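Visitor: Supplied in structure tokens, the structure appears directly below.
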Amino acid sequence: MAYEPPVTDYDEIVENCTCAFCGSNCDDVDILVKDNHVVGVRHACRLGASKIMEDEDQRLTVPMIRDENGELMEVDWDTALDRAAELIAGAVRPVFYGWSETSIEAMKPGLELTELVGAVIDNQATICHGPTVQAVQNVGYPLMTLGEVKNRADMVVYTGSNPMNAHPRHLARYTTFPKGFFRKRGRFDRTLVTWDPKYSDTAKLSDIWIPFEENGDYGFCNAIRAVLKGKELKQDFISGIPKEDIVALTEKMKNTQFGALFFGLGLTHTLSKQRNIDIAIQLVQDLNKYTKWVLLPMRGHFNVNGFNIFMAYEMGFPYGVDFCRGYPRYMIGETTTIDLLNRKECDVFMVIAADPGAHFPGGALAHLVDIPVIQIDIHWGPSTELADVVLPGTFIGVETAGTSYRMDSVPIYMKKAIDPPETCREDEWIVNELLQRVKKIKEASK
Amino acid sequence: MEYILKNGIVYDPINEINGEKKDVMFKDGKIVNSVSDSAKVIDVTDKLVMPAGIDVHCHLAGPKLCVGRLYRPEDERRGVKPKTDITRAETGFSIPNCPATGYRFSRMGYGTVVEAAVPPLEAKHTHEEIIAIPNIDIPPLTLFGNNWFIMQFAKEGRIDDIAAFVSAWLKITKGYGVKIVNPCGSEAWGWGMNVHGIDDPAPYWDVTAREVIRALAQANEMLGLPHSIHVHPNDLGHPGNFPTTINSIDCMKDIKKNSEYRNQTIHLTHAQFHCYDGTSWRDVTSGVEPVADYINKHDHVTADMGQVTLDETTTMTADGPMEYDLYELTGLKWANKDIELETASGLVPFIYSGRNPVHSLQWAIGLELALMIEDPWKICLTTDSPNAGPFIRYPRVMSWLMSYQRRAEMMDNKEVHAWAGRKSALGTLDREYDFYDIATITRAGPSKIYGFEDRGHLGAGAIADIAVYDLEPNNFDPTRNAAAVEKAFSNALYTIKDGQVLVKDGEIVKIVSSKHVRTEVEGFEDEEKRILEEIMPFFNRYYTIKFENYVVHDHYAEPSSVYKVNASK
Amino acid sequence: MTYIEKPSISNVVKFEDPDVAQVKKLTVMLNTGTDIYQGACKKRGSTLKDEYRKVAGVCYMDPKDMARLGVGNWESVLVKSDWGEVVVYAAHSRDAPHEGMIFIPKGPWANVVVSPETYCCSDPTYKGIKATVEKTDKEVLLMADLMRDVYKKYVKEGDKPEELPSLGEMPVYKKIRSG
């Protein structure tokens with residue numbers, strides 16, 4: 001990469017901003033501002049910096065609806081909101097999907113709207129850590145805040161996750177490199193282990209790399225559990241890993257002082273789905289008989305965990321909650337977005353702060369072709385290509401303040417650094433407007 | 001707006017009103033001595049009238065609850081109720097969703113419920129849930145017992161600095177008082193260990209529970225906080241733990257209280273879990289007698305019951321190692337949540353059953369406590385909800401306390417295991433609570449213990465938090481009608497909060513925002529500033545969050561009810 | 001401890017490598033997921049741009065597999081699965097060796113070939129999908145063109161999306177004030 005001189009031409013530095021990218025929610029980001037524009041970012045990783053230094057070409061700046069030719073055309077806010085409200089009020093089986101890249105404050109009117117019209121509300125957990133939540137419901141959830149790992153851990157394991165790509169500062173800020181209270185030498189006091197079929201960028205940094213074979217996660221964890229329980233392994237290779245290596249690794253894990261296991265979508269997206277997580281959680285529970293072990297799912301979006309927490313305290317269930325009967329129902333595989341789309345059940349789809357166009361399988365997206373789609377987002381993305389009403393929001397953590405929950409459930413108030421573009425509106429405002437307009441339509445039709 | 005509650009039978013122990021037929025008047029949300037002729041009359045002739053209930057110890061808002069809800073959909077599916085024109089949908093039994101929490105307390109005639117454990121790092125979460133809970137005021141207690149700064153200062157004997165730290169951290173977390181959970185033990189859990197007894201030091205920090213409890217109590221009294229330290233001692237739930245319990249209280253009897261309203265300097269919470277004799281679950285027996293005896297003879301301590309209600313529930317506590325023990329015992333799904341520099345915590349579902357000998361003994365021990373501690377001002381009704389049972393069982397516990405006949409019946413017809421009678425003295429205790437006693441352990445006593453001068457009684461100037469129940473004390477015998485007692489206390493005829501009728505005939509008729517009840521110390525600002533400057537380098541190095549983003553911002557705590565404390569007093 | 005040695009990655013595999021037998025079509029296991037280039041480009045918002053096509057419309061392959069197919073870096077390949085087919089660039093994987101496995105970063109291109117099947121578990125199957133890879137002359141489409149081509153939501157009846165002019169790399173919509 002070419003050398004770029006440091007940015008010196010700015011009006012002010014807004015310190016301790018929270019990065020609105022991944023679940024690491026780094027809250028030490030300094031944003032350099034000039035004329036109400038972000039001109040530079042300090043401390044953020046490549047991902048965070050790229051998001052904060054957004055592509056203004058593709059910023060959604062005005063409300064739009066499709067004309068009769070199927071082309072998007074700019075309209076005023078009233079027209080766009082009324083159109084969206086009519087669609088929602090007239091829907092039989094609406095699904096409100098997304099929420100993981102907006103604030104808790106915006107979710108509140110969103111849930112109210114969901115309850116009012118009897119919709120399904122769901123977030124990105126449904127396509128990422130949904131199986132993790134199910135596994136947690138099966139066997140338990142021994143976790144910690146990230147500072148515990150920073151201060152105490154002498155062994156850190158990543159599996160089914162490549163933080164150097166997806167959570168680039170995770171190792172540097174929380175787990176591996178930082179000098180902790182009981183780990184004064186930082187990286188030198190810790191053993192970094194990666195279990196991954198691929199020689200990933202994280203594996204490249206690790207002290208130990210265990211390349212179990214594809215779909216070998218369950219067998220591998222199970223083998224460690226067997227060794228822990230004093231059983232003898234009967235095969236020479238398990239999931240492609242020599243028996244002796246499994247025994248040696250088990251010993252090492254038993255003899256740490258504080259171990260932390262982090263897992264990602266590598267476990268949730270393979271065929272055994274939640275069973276992979278079941279066994280990983282049980283492994284950590286077993287290890288606690290010998291020494292201290294904890295685990296944490298590597299949550300992707302900065303507020304994906306926040307939505308699950310928000311829904312749990314408001315309505316008792318974490319995601320995929322269906323209100324069509326006037327009370328919340330949560331049935332994995334029934335009331336979850338992909339299943340609803342696969343079954344072609346929903347008739348209006350609202351997406352807020354998410355991009356199903358980029359992240360849903362084509363088989364599920366096919367149904368969005370047949371039904372109206374309302375999009376609330378900040379950038380023109382693949383979902384815009386399928387959207388019938390587009391409502392431009394503002395950028396949480398840069399243009400609008402709000403609450404988010406880090407992957408370890410630490411709540412953070414994300415402050416703003418600049419004012420939003422004049423023509424955009426805060427998510428909270430947009431959703432609340434929709435709520436009020438739908439209320440009005442419902443009352444008029446009583 | 002003026003109101004007059006007419007002709008009720010009033011129980012108001014703080015004002016020594018014991019079942020008098022009288023009117024209760026209130027205006028603009030406050031109790032008054034007189035109202036004009038235009039006051040709206042609510043006729044409650046011969047009905048039972050009390051101040052609204054105050055729960056001294058409940059887990060109802062915060063990160064632990066959320067882990068519970070997240071990982072126990074099976075609990076959420078119990079107690080589902082559809083939305084109505086007024087209320088939102090309810091879910092959950094032991095860990096209800098926030099709206100249900102507010103409605104259910106409100107239906108029982110409660111007005112104030114203390115959230116018993118708030119880790120400072122996640123205090124925002126607790127306040128977010130308080131915002132989502134309607135109809136009750138919630139004072140949160142902030143966790144200090146395993147805080148690294150406190151442990152370090154306690155070791156060095158820096159009481160002034162602990163006071164400054166506590167004062168600052170109550171503001172930072174928007175908390176009400178000082179909670180201590182398994183002091184030093186939850187820190188030891190950071191390494192998968194625990195401490196036993198009050199003189200077993202925490203690893204590395206080399207400081208004992210005795211030192212931490214004493215130091216925090218001294219700081220608490222130096223500041224003159226409205227509540228005393230609120231202690232969950234070491235060795236919770238271990239057979240043979242009652243000496244630890246007594247030692248935890250006794251180690252600080254020389255500390256002078258600095259509060260005119262309350263009497264105690266230490267509140268022992270969920271005492272039931274701390275009164276076991278024996279050496280194992282095989283030979284465990286009740287250890288209530290020595291503890292009750294100690295409390296009867298000393299005035300610096302109050303306690304609450306932690307009554308087991310024999311339900312399937314969810315245990316949750318900042319006592320991380322205890323939860324792991326429980327997991328090993330039951331094999332049910334274990335959740336854990338350690339908080340950097342501050343505390344640990346854990347959860348395990350639990351199925352209390354009257355067929356189980358140990359659970360039945362626990363049931364007996366809780367009741368023994370309430371019956372053997374002579375002065376009802378020293379004991380409060382709790383179930384450590386949801387640990388020993390969900391809060392919706394309070395009325396049932398009341399019915400047990402009010403009826404010897406019912407307790408004997410349960411032991412006789414095997415609703416509880418024989419251990420309840422064999423290993424405790426419950427069968428020999430024929431004391432029965434009357435309505436005045438019930439009002440004391442659920443209203444007046446809690447008010448005193450927490451320094452809530454403005455609630456828990458019906459004197460002029462108090463906030464108009466009033467409960468009316470569909471019982472006529474003058475022609476009703478609670479000792480013979482346990483089921484009717486439970487039903488009446490479960491469904492208030494009226495619940496009035498700040499002068500507004502929220503419940504009528506057991507149904508929610510109005511929703512209001514809950515207030516965040518908190519303490520602010522005045523006159524200690526310089527000390528706070530000095531201590532913050534001193535610890536800031538350490539804070540920045542070892543926390544994973546910036547101090548600026550750690551503080552609970554004002555907008556998380558609206559509306560608030562702030563108790564100002566003048567530290568120079 | 002005796003763990004499998006970390007591999008040294010060869011950046012260049014010669015087509016005439018004697019170990020490599022030429023094939024027309026490879027049967028592989030397809031994995032999808034995030035990588036840092038895709039993530040950065042997506043969240044910056046540059047999804048219409050050529051850049052996004054280069055980071056998400058790409059199939060990272062083991063160099064030996066590429067040699068077998070006879071494709072070089074940034075040449076087009078056609079990936080087919082039970083769920084669809086899509087043209088993407090081939091590129092050497094940084095994580096090689098992983099013969100028989102290909103990786104397409106998550107995005108509109110990968111979506112076409114992954115499975116929507118959740119097995120009643122809410123989460124579709126994004127990893128471990130059976131697929132084939134073959135060489136093709138077709139161009140990798142830009143995001144907007146791909147979405148139009150695959151989903152045809154706003155394509156008029158009778159129009160063939162592949163014959164329509166490209167939607168380009170900038171948002172296209174009718175402005176009120178454009179005059």
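Residue names in the structure tokens use chain letters A, B, ... in the order shown, residue numbers from 1 in each chain, and ligand numbers from 1 in the order shown.
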If we count only C-alpha atoms and set the cut-off at 7 Å, which residues sit around Ile36 (chain C), ignoring sequence neighbours fewer than 4 positions away in its own chain? Please answer as a PyMOL selection string.

Guide: (chain A and resi 47+165-166) or (chain C and resi 40)

Visitor: Could you give me, as a Markdown table, a per-residue list for chain C showing, wherever an atom lies at most 6 Å from an atom of chain A, the closest pair of atoms and their distance in Å to one decimal, using only C-alpha atoms and sorting by chain then residue number from low to high?

Guide:
```
| residue | atom | partner | partner_atom | distance |
| --- | --- | --- | --- | --- |
| C:Asp35 | CA | A:Asn165 | CA | 5.1 |
| C:Ile36 | CA | A:Asn165 | CA | 4.4 |
| C:Ala40 | CA | A:Leu47 | CA | 4.6 |
| C:Lys43 | CA | A:Lys51 | CA | 5.1 |
| C:Arg44 | CA | A:Lys51 | CA | 4.3 |
| C:Gly45 | CA | A:His379 | CA | 5.5 |
| C:Ser46 | CA | A:Asp55 | CA | 5.9 |
| C:Thr47 | CA | A:Gly381 | CA | 5.8 |
| C:Asp95 | CA | A:Tyr199 | CA | 4.8 |
| C:Gly107 | CA | A:Ala358 | CA | 4.5 |
| C:Pro108 | CA | A:Ala358 | CA | 4.8 |
| C:Asn111 | CA | A:Pro361 | CA | 4.4 |
| C:Val112 | CA | A:Gly362 | CA | 4.9 |
| C:Val114 | CA | A:Pro361 | CA | 5.8 |
| C:Pro116 | CA | A:Pro361 | CA | 5.3 |
| C:Cys120 | CA | A:Gly333 | CA | 4.0 |
| C:Cys121 | CA | A:Gly333 | CA | 5.0 |
| C:Ser122 | CA | A:Gly333 | CA | 5.0 |
| C:Asp123 | CA | A:Ile127 | CA | 4.6 |
| C:Thr125 | CA | A:His269 | CA | 5.7 |
| C:Tyr126 | CA | A:His269 | CA | 5.7 |
| C:Lys127 | CA | A:Thr270 | CA | 5.4 |
| C:Lys153 | CA | A:Val369 | CA | 5.0 |
| C:Tyr154 | CA | A:Gly70 | CA | 5.2 |
| C:Tyr173 | CA | A:Leu72 | CA | 4.9 |
| C:Lys174 | CA | A:Met73 | CA | 4.4 |
| C:Lys175 | CA | A:Glu74 | CA | 5.2 |
| C:Ile176 | CA | A:Glu74 | CA | 5.9 |
```

Visitor: Sort by chain and increasing residue number a table of all residues of chain A within 8 Å of chain B, each with its closest pair of atoms and their distance in Å to one decimal, counting only C-alpha atoms, and write it as JSON lines.

Guide:
```
{"residue": "A:Asn16", "atom": "CA", "partner": "B:Lys546", "partner_atom": "CA", "distance": 6.9}
{"residue": "A:Cys26", "atom": "CA", "partner": "B:Ile545", "partner_atom": "CA", "distance": 7.9}
{"residue": "A:Asp27", "atom": "CA", "partner": "B:Ile545", "partner_atom": "CA", "distance": 6.4}
{"residue": "A:Asp28", "atom": "CA", "partner": "B:Lys546", "partner_atom": "CA", "distance": 6.7}
{"residue": "A:Val133", "atom": "CA", "partner": "B:Tyr71", "partner_atom": "CA", "distance": 7.2}
{"residue": "A:Gln134", "atom": "CA", "partner": "B:Tyr71", "partner_atom": "CA", "distance": 7.9}
{"residue": "A:Val136", "atom": "CA", "partner": "B:Tyr71", "partner_atom": "CA", "distance": 5.7}
{"residue": "A:Gln137", "atom": "CA", "partner": "B:Tyr71", "partner_atom": "CA", "distance": 4.3}
{"residue": "A:Asn138", "atom": "CA", "partner": "B:Lys333", "partner_atom": "CA", "distance": 7.3}
{"residue": "A:Val139", "atom": "CA", "partner": "B:Lys333", "partner_atom": "CA", "distance": 4.8}
{"residue": "A:Gly140", "atom": "CA", "partner": "B:Lys333", "partner_atom": "CA", "distance": 4.4}
{"residue": "A:Tyr141", "atom": "CA", "partner": "B:Ala335", "partner_atom": "CA", "distance": 4.1}
{"residue": "A:Pro142", "atom": "CA", "partner": "B:Asn336", "partner_atom": "CA", "distance": 4.1}
{"residue": "A:Leu143", "atom": "CA", "partner": "B:Lys337", "partner_atom": "CA", "distance": 5.0}
{"residue": "A:Met144", "atom": "CA", "partner": "B:Asp338", "partner_atom": "CA", "distance": 4.3}
{"residue": "A:Thr145", "atom": "CA", "partner": "B:Ile339", "partner_atom": "CA", "distance": 5.3}
{"residue": "A:Leu146", "atom": "CA", "partner": "B:Thr544", "partner_atom": "CA", "distance": 7.0}
{"residue": "A:Gly147", "atom": "CA", "partner": "B:Glu340", "partner_atom": "CA", "distance": 5.0}
{"residue": "A:Glu148", "atom": "CA", "partner": "B:Glu340", "partner_atom": "CA", "distance": 4.8}
{"residue": "A:Lys150", "atom": "CA", "partner": "B:Tyr542", "partner_atom": "CA", "distance": 7.7}
{"residue": "A:Asn151", "atom": "CA", "partner": "B:Tyr542", "partner_atom": "CA", "distance": 6.8}
{"residue": "A:Arg152", "atom": "CA", "partner": "B:Gly190", "partner_atom": "CA", "distance": 7.9}
{"residue": "A:Arg173", "atom": "CA", "partner": "B:Thr544", "partner_atom": "CA", "distance": 7.7}
{"residue": "A:Tyr174", "atom": "CA", "partner": "B:Thr544", "partner_atom": "CA", "distance": 7.0}
{"residue": "A:Gly180", "atom": "CA", "partner": "B:Tyr542", "partner_atom": "CA", "distance": 6.3}
{"residue": "A:Phe181", "atom": "CA", "partner": "B:Tyr542", "partner_atom": "CA", "distance": 6.4}
{"residue": "A:Gln257", "atom": "CA", "partner": "B:Trp191", "partner_atom": "CA", "distance": 6.7}
{"residue": "A:Phe258", "atom": "CA", "partner": "B:Trp191", "partner_atom": "CA", "distance": 6.5}
{"residue": "A:Gln285", "atom": "CA", "partner": "B:Trp334", "partner_atom": "CA", "distance": 7.9}
{"residue": "A:Asn288", "atom": "CA", "partner": "B:Gly192", "partner_atom": "CA", "distance": 7.0}
{"residue": "A:Thr291", "atom": "CA", "partner": "B:Gly192", "partner_atom": "CA", "distance": 5.8}
{"residue": "A:Lys292", "atom": "CA", "partner": "B:Gly192", "partner_atom": "CA", "distance": 4.7}
{"residue": "A:Asn308", "atom": "CA", "partner": "B:Leu70", "partner_atom": "CA", "distance": 7.7}
{"residue": "A:Ile309", "atom": "CA", "partner": "B:Cys66", "partner_atom": "CA", "distance": 6.3}
{"residue": "A:Ala312", "atom": "CA", "partner": "B:Arg69", "partner_atom": "CA", "distance": 5.8}
{"residue": "A:Tyr313", "atom": "CA", "partner": "B:Asn97", "partner_atom": "CA", "distance": 5.2}
{"residue": "A:Glu314", "atom": "CA", "partner": "B:Cys98", "partner_atom": "CA", "distance": 5.5}
{"residue": "A:Met315", "atom": "CA", "partner": "B:Asn97", "partner_atom": "CA", "distance": 5.2}
{"residue": "A:Gly316", "atom": "CA", "partner": "B:Asn97", "partner_atom": "CA", "distance": 4.9}
{"residue": "A:Phe317", "atom": "CA", "partner": "B:Leu70", "partner_atom": "CA", "distance": 6.3}
{"residue": "A:Pro318", "atom": "CA", "partner": "B:Leu70", "partner_atom": "CA", "distance": 5.8}
{"residue": "A:Arg325", "atom": "CA", "partner": "B:Pro82", "partner_atom": "CA", "distance": 7.7}
{"residue": "A:Gly326", "atom": "CA", "partner": "B:Pro82", "partner_atom": "CA", "distance": 5.2}
{"residue": "A:Tyr327", "atom": "CA", "partner": "B:Pro82", "partner_atom": "CA", "distance": 4.4}
{"residue": "A:Pro328", "atom": "CA", "partner": "B:Ala89", "partner_atom": "CA", "distance": 7.1}
{"residue": "A:Ser409", "atom": "CA", "partner": "B:Pro63", "partner_atom": "CA", "distance": 7.7}
{"residue": "A:Val410", "atom": "CA", "partner": "B:Glu122", "partner_atom": "CA", "distance": 5.6}
{"residue": "A:Pro411", "atom": "CA", "partner": "B:Glu122", "partner_atom": "CA", "distance": 6.0}
{"residue": "A:Ile412", "atom": "CA", "partner": "B:Asn549", "partner_atom": "CA", "distance": 6.1}
{"residue": "A:Tyr413", "atom": "CA", "partner": "B:Asn549", "partner_atom": "CA", "distance": 6.2}
{"residue": "A:Met414", "atom": "CA", "partner": "B:Asn549", "partner_atom": "CA", "distance": 7.8}
```

Visitor: Could you please write out, as a ChimeraX atom specification, every residue of region 207-250 of chain B that DSSP assigns to alpha helix (DSSP H)?

Guide: /B:209-223,242-250

Visitor: Output as a list in words all residues of region 6-88 of chain C that backbone DSSP marks as strand (DSSP E or B).

Guide: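 In region 6-88 of chain C, DSSP puts these residues in strand (DSSP E or B): Lys25, Leu26, Thr27, Val28, Met29, Leu30, Asn31, Thr32, Gly33, Val58, Cys59, Tyr60, Met61, Ser76, Val77, Leu78, Val79, Lys80, Ser81, Gly84, Glu85, Val86, Val87 and Val88 of chain C.
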
Visitor: Would you pick out the contacts of region 70-74 of chain C at 7 Å or less, using only C-alpha atoms, so that residues sharing its chain but fewer than 4 positions from it are not included, and give the list as a list in words?

Guide: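 Final neighbour list, sorted by chain and number: Phe15, Met66, Tyr89, Ala90, Ala91, His92 and Lys135 of chain C.
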
Visitor: In Å, rounded to a single decimal, give me how far CA of Gly177 (chain B) is from CA of Phe153 (chain B).

Guide: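 Computed distance, CA of Phe153 (chain B) to CA of Gly177 (chain B), equals 18.8 Å.
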
Visitor: What's the separation between CA of Leu296 (chain A) and CA of Phe263 (chain A), in Å to one decimal place?

Guide: 6.7 Å

Visitor: Near Asp554 (chain B), counting only C-alpha atoms, which residues have an atom at most 10 Å away, once you skip same-chain residues fewer than 4 positions from it, shown as a PyMOL selection string?

Guide: chain B and resi 172+174+558-560

Visitor: Selected residues, all heavy atoms, written as a CSV table (one decimal), in the first residue's frame, please.

Guide:
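Result went into part.csv, see below:
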```
chain,number,residue,atom,x,y,z
B,172,ILE,N,-21.6,7.2,39.5
B,172,ILE,CA,-21.3,6.7,38.2
B,172,ILE,C,-22.3,5.6,37.7
B,172,ILE,O,-22.7,5.6,36.6
B,172,ILE,CB,-19.9,6.1,38.2
B,172,ILE,CG1,-18.8,7.2,38.2
B,172,ILE,CG2,-19.6,5.1,37.0
B,172,ILE,CD1,-17.4,6.7,38.6
B,174,LYS,N,-25.3,5.2,39.1
B,174,LYS,CA,-26.7,5.6,39.5
B,174,LYS,C,-27.3,4.6,40.4
B,174,LYS,O,-28.4,4.1,40.2
B,174,LYS,CB,-27.5,5.9,38.3
B,174,LYS,CG,-26.9,6.9,37.3
B,174,LYS,CD,-27.8,8.1,37.1
B,174,LYS,CE,-27.2,9.1,36.0
B,174,LYS,NZ,-25.9,9.6,36.3
B,558,GLU,N,-33.8,8.2,33.8
B,558,GLU,CA,-35.0,9.1,33.9
B,558,GLU,C,-36.3,8.3,33.8
B,558,GLU,O,-36.4,7.4,33.0
B,558,GLU,CB,-35.0,10.1,32.7
B,558,GLU,CG,-33.9,11.2,32.7
B,558,GLU,CD,-34.0,12.0,34.0
B,558,GLU,OE1,-35.1,12.3,34.5
B,558,GLU,OE2,-32.9,12.4,34.5
B,559,PRO,N,-37.3,8.6,34.6
B,559,PRO,CA,-37.2,9.6,35.7
B,559,PRO,C,-36.5,9.0,37.0
B,559,PRO,O,-36.5,7.8,37.2
B,559,PRO,CB,-38.7,9.8,36.0
B,559,PRO,CG,-39.4,8.5,35.7
B,559,PRO,CD,-38.6,7.9,34.5
B,560,SER,N,-35.9,9.9,37.7
B,560,SER,CA,-35.1,9.5,38.9
B,560,SER,C,-35.8,10.0,40.1
B,560,SER,O,-36.5,11.0,40.1
B,560,SER,CB,-33.7,10.1,38.8
B,560,SER,OG,-32.8,9.2,38.3
```

Visitor: What is the CA of Lys297 (chain B)-CA of Arg431 (chain B) distance in Å, reported with one decimal?

Guide: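 The value is 19.1 Å.
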
Visitor: Quick one: residues within 7 Å of Trp109 (chain C), only C-alpha atoms, excluding same-chain residues fewer than 4 positions away - as a list in words?

Guide: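 Once the adjacent positions are removed, what remains is Ala56, Gly57 and Val86 of chain C.
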
Visitor: Could you name the residues that touch Leu532 (chain B) at 8 Å or less, counting only C-alpha atoms, but leaving out those on the same chain fewer than 4 positions away, as a VMD selection string?

Guide: chain B and resid 165 528 536

Visitor: Would you list the contacts of Val7 (chain A) as a PyMOL selection string, taking every protein, DNA or RNA residue within 10 Å and counting only C-alpha atoms, but skipping same-chain residues closer than 4 positions in sequence?

Guide: chain A and resi 32+39-42

Visitor: Using the selection just defined, write its residues with N, CA and C atoms as a short mmCIF file (atom, residue, chain, number, x, y, z; two decimals), in the first residue's frame.

Guide:
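Okay, result08.cif is ready:
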```cif
data_model
loop_
_atom_site.label_atom_id
_atom_site.label_comp_id
_atom_site.auth_asym_id
_atom_site.auth_seq_id
_atom_site.Cartn_x
_atom_site.Cartn_y
_atom_site.Cartn_z
N LEU A 32 -11.44 12.46 13.34
CA LEU A 32 -10.99 13.79 12.97
C LEU A 32 -12.05 14.44 12.09
N VAL A 39 -12.67 13.41 8.32
CA VAL A 39 -11.51 13.42 7.41
C VAL A 39 -10.45 12.41 7.82
N GLY A 40 -10.62 11.86 9.01
CA GLY A 40 -9.64 10.86 9.43
C GLY A 40 -10.13 10.10 10.65
N VAL A 41 -9.54 8.92 10.86
CA VAL A 41 -9.91 8.09 11.99
C VAL A 41 -8.64 7.56 12.62
N ARG A 42 -8.56 7.62 13.93
CA ARG A 42 -7.41 7.04 14.60
C ARG A 42 -7.82 5.86 15.46
#
```
